[in-house]
Amino acid sequence: EPEVTQTPSHQVTQMGQEVILRCVPISNHLYFYWYRQILGQKVEFLVSFYNNEISEKSEIFDDQFSVERPDGSNFTLKIRSTKLEDSAMYFCASIRWLNQPQHFGDGTRLSIL
Amino acid sequence: GNSVTQMEGPVTLSEEAFLTINCTYTATGYPSLFWYVQYPGEGLQLLLKATKADDKGSNKGFEATYRKETTSFHLEKGSVQVSDSAVYFCALLIQGAQKLVFGQGTRLTINP
C-alpha cells in the first residue's frame, strides 16, 4: 500500500537556525497537510496546501513558517528561525479528494536546543 | 467551534478485557468521525471511520458508532490483545473543510 514518507525521522537544530522538514505524499494525491504534536499535547493542524497554494492555515502558522512543493513529489515545511517552543513531532498527511481520510507519515521529531 | 474530547488516560487493561475509550465532540457542521492509532515509534494510522449519524465503523475487532444524539463516537473492542497497546486519537472533519480536529489521545497499555 502506498505510504506518505517523511525525512528525517529526527532533526536536532540550534535555536535561531532554519530547518526544512521533508515529505513525499502518496503520488496521486492532491491535498497536502502539516500537523504538529508537542509532547503530551494534542495533534494540531498547521496548514493545508492544494494546487500550489495554501488553502488554510492555523494561527500557529506565522511568518516563520512556509510550505512549498518544489517538484512533483516533495512537500516541505520550512521554519526560518527556530524557537525552543517549535520542538515537536511534525506530521505530513495527504489525500486525493476532499472528505477522504487523511494518510499520515511517521513524523519528524524536531528538537530545538 | 469544533472540538473533540477523549477520556483521560492512560488506560491499563489485562489481555482479553473489554475496552471502551470515550470520545465526544462539538461541531458546527456535519462532521465525519475517525479513530486513528499511533503504535510506538510510528505515525498516525486510520483505524476506522464513520461519515454520518448511526454509521458504525469497524476494523481489527474495534468498533465505534456515530451517535448524533449524544455527540459521541466511543471506541470499543471486546477482547484486547497486547499488540493493541498504542495511543488512540479520536478526530473529526467537517464536510468540505481541510483540517482534522483531534482529541488529546488516550494511551492504552495491555498487560499479558
# chains A, B, ... in the order shown; residues from 1 in each chain; ligands from 1

$ closest_atom_pairs --of "chain A" --to "chain B" --cutoff "7 Å" --atoms "only C-alpha atoms" --output "tab-separated table"
residue	atom	partner	partner_atom	distance
A:Gln41	CA	B:Gln104	CA	6.2
A:Lys42	CA	B:Gln104	CA	4.4
A:Val43	CA	B:Phe102	CA	6.0
A:Phe45	CA	B:Lys99	CA	6.3
A:Ser48	CA	B:Gln98	CA	6.6
A:Leu98	CA	B:Gly96	CA	6.5
A:Asn99	CA	B:Gln95	CA	6.2
A:Phe104	CA	B:Leu44	CA	5.7
A:Gly105	CA	B:Gly43	CA	5.6
A:Asp106	CA	B:Gly43	CA	3.5
A:Gly107	CA	B:Gly43	CA	5.9

$ residues_around --residues "B:Arg67" --least-positions-apart "2" --cutoff "9 Å" --atoms "only C-alpha atoms" --output "mmCIF file with C-alpha atoms, in the first residue's frame"
data_model
loop_
_atom_site.group_PDB
_atom_site.id
_atom_site.type_symbol
_atom_site.label_atom_id
_atom_site.label_comp_id
_atom_site.auth_asym_id
_atom_site.auth_seq_id
_atom_site.Cartn_x
_atom_site.Cartn_y
_atom_site.Cartn_z
ATOM 1 C CA LYS B 52 -22.972 10.068 9.112
ATOM 2 C CA ALA B 53 -25.222 9.508 12.070
ATOM 3 C CA ASP B 54 -25.781 5.862 13.102
ATOM 4 C CA ASP B 55 -22.917 4.629 10.909
ATOM 5 C CA THR B 65 -20.876 4.108 16.318
ATOM 6 C CA GLU B 69 -27.990 12.490 19.761
ATOM 7 C CA THR B 70 -25.162 12.182 22.295
ATOM 8 C CA THR B 71 -22.443 13.669 20.018
ATOM 9 C CA SER B 72 -20.288 10.653 20.750
ATOM 10 C CA PHE B 73 -18.064 8.171 18.922
ATOM 11 C CA HIS B 74 -16.844 5.772 21.604
#

$ atom_distance --atom1 "atom CA of A:Ser55" --atom2 "atom CA of A:Gln37"
20.9 Å

$ closest_residue --among "A:Ile26, A:Val12, A:Tyr50, A:Leu39" --to "A:Thr82" --atoms "only C-alpha atoms"
A:Val12

$ closest_residue --among "A:Pro101, A:Gly40, A:Leu77, A:Leu113" --to "B:Trp35" --atoms "only C-alpha atoms"
A:Pro101

$ select_by_dssp --residues "stretch 64-105 of chain A" --states "strand (DSSP E or B)" --output "list in words"
Phe65, Ser66, Val67, Glu68, Phe75, Thr76, Leu77, Lys78, Ile79, Ala88, Met89, Tyr90, Phe91, Cys92, Ala93, Ser94, Ile95, His103 and Phe104 of chain A

$ write_last_selection --atoms "C-alpha atoms" --output "PDB file, in the first residue's frame"
ATOM      1  CA  PHE A  65       6.668  29.041   8.651  1.00  0.00           C
ATOM      2  CA  SER A  66       6.399  28.347   4.946  1.00  0.00           C
ATOM      3  CA  VAL A  67       5.476  25.401   2.763  1.00  0.00           C
ATOM      4  CA  GLU A  68       6.498  24.508  -0.725  1.00  0.00           C
ATOM      5  CA  PHE A  75       6.218  18.771   0.062  1.00  0.00           C
ATOM      6  CA  THR A  76       8.339  20.739   2.527  1.00  0.00           C
ATOM      7  CA  LEU A  77       7.800  22.692   5.719  1.00  0.00           C
ATOM      8  CA  LYS A  78      10.378  25.381   6.482  1.00  0.00           C
ATOM      9  CA  ILE A  79      10.834  27.121   9.798  1.00  0.00           C
ATOM     10  CA  ALA A  88       7.515  18.830  18.491  1.00  0.00           C
ATOM     11  CA  MET A  89       6.654  15.918  16.268  1.00  0.00           C
ATOM     12  CA  TYR A  90       5.652  17.155  12.817  1.00  0.00           C
ATOM     13  CA  PHE A  91       3.333  15.035  10.699  1.00  0.00           C
ATOM     14  CA  CYS A  92       2.670  15.307   6.995  1.00  0.00           C
ATOM     15  CA  ALA A  93      -0.584  13.998   5.511  1.00  0.00           C
ATOM     16  CA  SER A  94      -2.194  13.766   2.099  1.00  0.00           C
ATOM     17  CA  ILE A  95      -5.452  12.875   0.367  1.00  0.00           C
ATOM     18  CA  HIS A 103      -2.930   9.384   5.225  1.00  0.00           C
ATOM     19  CA  PHE A 104      -0.144  10.292   7.627  1.00  0.00           C
TER      20      PHE A 104
END

$ residues_around --residues "stretch 71-74 of chain A" --least-positions-apart "5" --cutoff "8 Å" --atoms "only C-alpha atoms" --output "NGL selection string"
:A and (22-25 or 27)

$ closest_residue --among "B:Ala86, B:Ala50, B:Leu92, B:Cys23" --to "B:Thr109" --atoms "only C-alpha atoms"
B:Ala86

$ atom_distance --atom1 "atom CA of B:Met7" --atom2 "atom CA of B:Glu63"
16.4 Å
